[in-house]
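S.K.: So that we are looking at the same thing, I have put the structure below in structure tokens.
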Amino acid sequence: MSTTPYRLAVIVGSTRDGRFGPTVGQWFTALAEQHSGAELDVIDVADLELPACHPNWGTERTPALTELAARVEAADAYVVVTPEYNHSYPAQLKHFIDLHRTEWNAKPVGFVSYGGVSGGLRAVEHLRQVFAEVHCVTIRDGVSFHGAWDHFGEDGKAHDPQGAAGAAKTMLDQLDWWARTLRAGRAERPYN
């Protein structure tokens, strides 16, 4: 199998004012940078200028959406950092996913979730269905922070870095395998 680094897009899905997503996203990104084999691209949904309405399929994309689609297409794998809003994921995250179609195909996606008692796991379960629809393979093991605000200091560092870091390593190891395997498969036999 190729040792060429794969491209990993880390998608931060939180969009609320005063959001906690960047803290969790930066924590995960720092771990992913230490994990061998991936080149990272962080896509923060809150920073994107997405259209208010979903354009019709076949409509020419704006330059900003064309550039964004190229970033989604270039990735060999994704990790979605998501909070749980009302037992599900943020609406803007879903809108971001829906603005792309074939760019997601035949690629793996992992999840880092956070929230209150559920740790964002209900959001992840909903996202698994969404990503199946766009032909992604979801990684079984993920990272979740229950009562997330209690897990990080004001400096953004995790209070108990070993437990969460171990879960992240397990997910990244699996993601690495799937990313490389599916990249080779897409090269040998294009999916679309």
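In the structure tokens, chains take the letters A, B, ... in the order shown, each chain's residues start at 1, and ligands count up from 1 in the order shown.
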Stretch 34-42 of chain A: which residues within 7 Å, counting only C-alpha atoms, same-chain residues fewer than 6 positions away excluded, as a ChimeraX atom specification?

M.R.: /A:5-11

S.K.: Identify all residues of chain A in alpha helix (DSSP H) (DSSP on the backbone) and supply them as a VMD selection string.

M.R.: chain A and resid 21 to 34 63 to 74 91 to 98 121 to 133 161 to 188

S.K.: With only C-alpha atoms as the counted atoms, please give the residues lying no more than 10 Å from stretch 50-64 of chain A, apart from itself and same-chain residues fewer than 4 positions off, as a VMD selection string.

M.R.: chain A and resid 45 to 46 68 to 70 92 95 to 96 98 to 101

S.K.: For stretch 167-190 of chain A against stretch 74-85 of chain A, with a cut-off of 8 Å and counting only C-alpha atoms, what is the closest atom pair and its distance in Å to one decimal for every residue that makes the cut, ordered by chain and number, as JSON lines?

M.R.:
{"residue": "A:Leu175", "atom": "CA", "partner": "A:Ala77", "partner_atom": "CA", "distance": 7.2}
{"residue": "A:Ala179", "atom": "CA", "partner": "A:Ala77", "partner_atom": "CA", "distance": 5.6}
{"residue": "A:Arg180", "atom": "CA", "partner": "A:Asp76", "partner_atom": "CA", "distance": 7.8}
{"residue": "A:Arg183", "atom": "CA", "partner": "A:Asp76", "partner_atom": "CA", "distance": 6.5}

S.K.: Would you please work out which residue, of A:His135, A:Arg140, A:His159, A:His151, is nearest to A:Tyr191 when using only C-alpha atoms?

M.R.: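 Using only C-alpha atoms, A:Tyr191 sits closest to A:His135.
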
S.K.: Between atom CA of A:Glu103 and atom CA of A:Thr66, what is the spacing in Å?

M.R.: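 Computing the Euclidean distance for atom CA of A:Thr66 and atom CA of A:Glu103 yields 11.5 Å.
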
S.K.: Quick one: pull the distance between atom CA of A:Ala184 and atom CA of A:Gly25, Å, one decimal.

M.R.: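 Between these atoms lies a distance of 28.1 Å.
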
S.K.: Just the residues within 7 Å of A:Pro90, please, counting only C-alpha atoms, with nothing from its chain fewer than 4 positions along; format it as a ChimeraX atom specification.

M.R.: /A:13-14,85,94

S.K.: What does the distance from atom CA of A:Thr138 to atom CA of A:Gly110 come to in Å, to one decimal?

M.R.: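 Spanning atom CA of A:Thr138 to atom CA of A:Gly110 is a straight-line distance of 6.0 Å.
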
S.K.: Select from stretch 114-169 of chain A everything DSSP, run on the backbone, classes as strand (DSSP E), then give the selection as number ranges by chain.

M.R.: A: 114-115, 136-138, 143-146

S.K.: Measuring atom to atom with only C-alpha atoms, identify which of A:Val72, A:Met171, A:Leu65, A:Ala148 is nearest to A:Gly115.

M.R.: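 With only C-alpha atoms as the atom set, the closest residue is A:Ala148.
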
S.K.: Return the single residue from A:Leu121, A:Ala91, A:Thr23, A:Trp177 that is closest to A:Glu154, with distances computed using only C-alpha atoms.

M.R.: A:Thr23

S.K.: Using only C-alpha atoms, determine which residues lie at most 12 Å from A:Gly163, disregarding the query and same-chain residues fewer than 4 positions distant; provide the list as a list of chain:residue names.

M.R.: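 The filter keeps A:Val143, A:Ser144, A:Phe145, A:His151, A:Ala158, A:His159, A:Ala167, A:Ala168, A:Lys169, A:Thr170.
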
S.K.: Please, could you write that set of residues out with N, CA and C atoms as a compact mmCIF listing (two decimals), in the first residue's frame?

M.R.:
# COMPACT_ATOMS: atom_id res chain seq x y z
N VAL A 143 -14.58 9.66 18.88
CA VAL A 143 -14.25 10.34 20.12
C VAL A 143 -15.47 11.13 20.54
N SER A 144 -15.84 11.04 21.81
CA SER A 144 -16.96 11.86 22.30
C SER A 144 -16.62 12.41 23.67
N PHE A 145 -17.03 13.66 23.86
CA PHE A 145 -16.83 14.34 25.13
C PHE A 145 -18.18 14.60 25.77
N HIS A 151 -14.01 19.07 30.30
CA HIS A 151 -12.85 18.30 29.87
C HIS A 151 -11.68 19.17 29.41
N ALA A 158 -6.87 19.52 27.02
CA ALA A 158 -7.70 18.54 27.70
C ALA A 158 -7.15 18.26 29.09
N HIS A 159 -8.04 18.13 30.07
CA HIS A 159 -7.64 17.81 31.44
C HIS A 159 -7.09 16.39 31.53
N ALA A 167 -8.63 7.25 22.26
CA ALA A 167 -9.77 7.05 21.37
C ALA A 167 -9.49 7.68 20.01
N ALA A 168 -8.87 8.85 20.01
CA ALA A 168 -8.55 9.52 18.75
C ALA A 168 -7.55 8.71 17.94
N LYS A 169 -6.56 8.13 18.62
CA LYS A 169 -5.56 7.32 17.91
C LYS A 169 -6.21 6.10 17.27
N THR A 170 -7.11 5.45 18.00
CA THR A 170 -7.81 4.29 17.44
C THR A 170 -8.57 4.70 16.18
